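One structure below.
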Amino acid sequence: MSFPMALFVTVLLLIGSGFFVAAEFALVAAKRHRMEKAAADGQRGAKAALAGMRELSLMLAGAQLGITICTLGLGSISKPAISHQVDPLLVKLGLPSGLSYGIAFAFAMIVVVFLHMVLGEMAPKSWAIAHPERSAMLLTPPFRALVKTVRPLIWLLNKVSNALVRLCRVHPRDELTAVHNREQLTHLVAESERLGLINRTDSELITRSLTEPQTPVSGLQTPAGDIITVPADADLDAILAKATEADRSRLLVHDGDTILGSVHARDALVARTRGRKVTARQLARPVPELNEDDSVSHAVEQLRRNRASLALVRDRKGRLTGLISLDDLIARLMGLQAA
């Protein structure tokens, strides 16, 4: 192969190596939630990037295969080409042929390794890490197309490598896990406070937000005996009088032993101002029901889903044990209520 052609192939191999390195680091560094948002917005390449992140093990194997091929190409084409150009020059300078060949070979190796490390690996890696989502959307579509062409070979190599990993009693994963459990996050918060990165107040608030959502609502409920109710046939004046007497803005509406819902004093006041003649039954809003063992996070989700501020709490036998309000839950999370 002529020297100009060898230089041309060298440039192609360096570009190829940089492409595979950048694609590899882009898929690893890109944030899943940002890619999902980009895919939802219809940005080009986002869906392909998400697909690549879902089969990360296969994509990384493809990148390593591509980098290896480019490295072997540089070693078999670029190094001899440079060496053959330098060797005659050293001979003309009067060096023995054996010595000149050794120096030419070492010079060629240094040049190729330098170009490969800087242009074929380090620069693409830095670019991909600096712009992970953008580089992932740009590089993943052609990268996945290349991987598909040699998918059977990569699949075989990946299976062999996973088998070797299992021999070390490690379960291989196809996706990168970026989720930390509650214990890890709590430890990180404690360490941040110890190192002075956050103050004690912020540390307690963050820790509480991590631990309190799993607290059962049974310890936060207002006992059934303390629930303020009004009968279903109560008129507006009776509703407002009861709310004023109990110093409560929300009251439960009952018909005998049946809870129909909740009524807000504001709704009663607005209805009276407009001259309406309605009862508590007509103003009652549905109230969701929870079990004593339900967590705070589940309670908040149920209240949000039902657009309610109150929820009834029942035991496993279906008996009413108390009432929980959104204000109680938020106060507990914010530390405004005793634990």
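Going by the structure tokens order, chains are called A, B, ..., each with residues numbered from 1, while ligands are numbered from 1 in the order shown.
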* Counting only C-alpha atoms, what is within 6 Å of segment 268-273 of chain A, bar same-chain residues fewer than 3 positions away, as a list in words? ->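 The contact residues come out as Leu236, Ala265 and Arg276 of chain A.
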* Considering only C-alpha atoms, return as a PyMOL selection string whatever protein or nucleic-acid residues lie within 9 Å of Ile227 of chain A, sequence-local ones (same chain, fewer than 5 positions apart) excluded. => chain A and resi 222+251-252+322-323
Output for the residues just chosen: N, CA and C atoms as an mmCIF file, in the first residue's frame:
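Output (out29.cif):
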data_model
loop_
_atom_site.group_PDB
_atom_site.id
_atom_site.type_symbol
_atom_site.label_atom_id
_atom_site.label_comp_id
_atom_site.auth_asym_id
_atom_site.auth_seq_id
_atom_site.Cartn_x
_atom_site.Cartn_y
_atom_site.Cartn_z
ATOM 1 N N THR A 222 -56.360 11.607 62.531
ATOM 2 C CA THR A 222 -57.206 12.117 63.601
ATOM 3 C C THR A 222 -58.151 10.996 64.017
ATOM 4 N N LEU A 251 -65.645 19.758 56.975
ATOM 5 C CA LEU A 251 -66.430 18.886 57.841
ATOM 6 C C LEU A 251 -66.873 17.669 57.048
ATOM 7 N N LEU A 252 -66.988 16.536 57.727
ATOM 8 C CA LEU A 252 -67.514 15.346 57.080
ATOM 9 C C LEU A 252 -69.032 15.364 57.140
ATOM 10 N N GLY A 322 -60.183 6.676 61.651
ATOM 11 C CA GLY A 322 -59.762 8.062 61.726
ATOM 12 C C GLY A 322 -59.845 8.771 60.394
ATOM 13 N N LEU A 323 -59.237 9.935 60.389
ATOM 14 C CA LEU A 323 -59.264 10.827 59.230
ATOM 15 C C LEU A 323 -57.874 11.392 59.024
#
* **Ser126 of chain A surroundings by only C-alpha atoms, 10 Å radius, close-in-sequence under 3 positions cut, as number ranges by chain** => A: 21-22, 25-26, 121-123, 129-132
* To do: Among the residues of segment 115-276 of chain A, find those DSSP assigns to helix (DSSP H, G or I) from the backbone and print them as a ChimeraX atom specification.
  => /A:115-130,132-149,151-167,182-194,200-214,217-219,224-226,236-246,265-273
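Shortest separation to Val217 of chain A among A:Val112, A:Ala241, A:Leu167, A:Leu290 occurs at residue A:Leu290, atoms counted being only C-alpha atoms.
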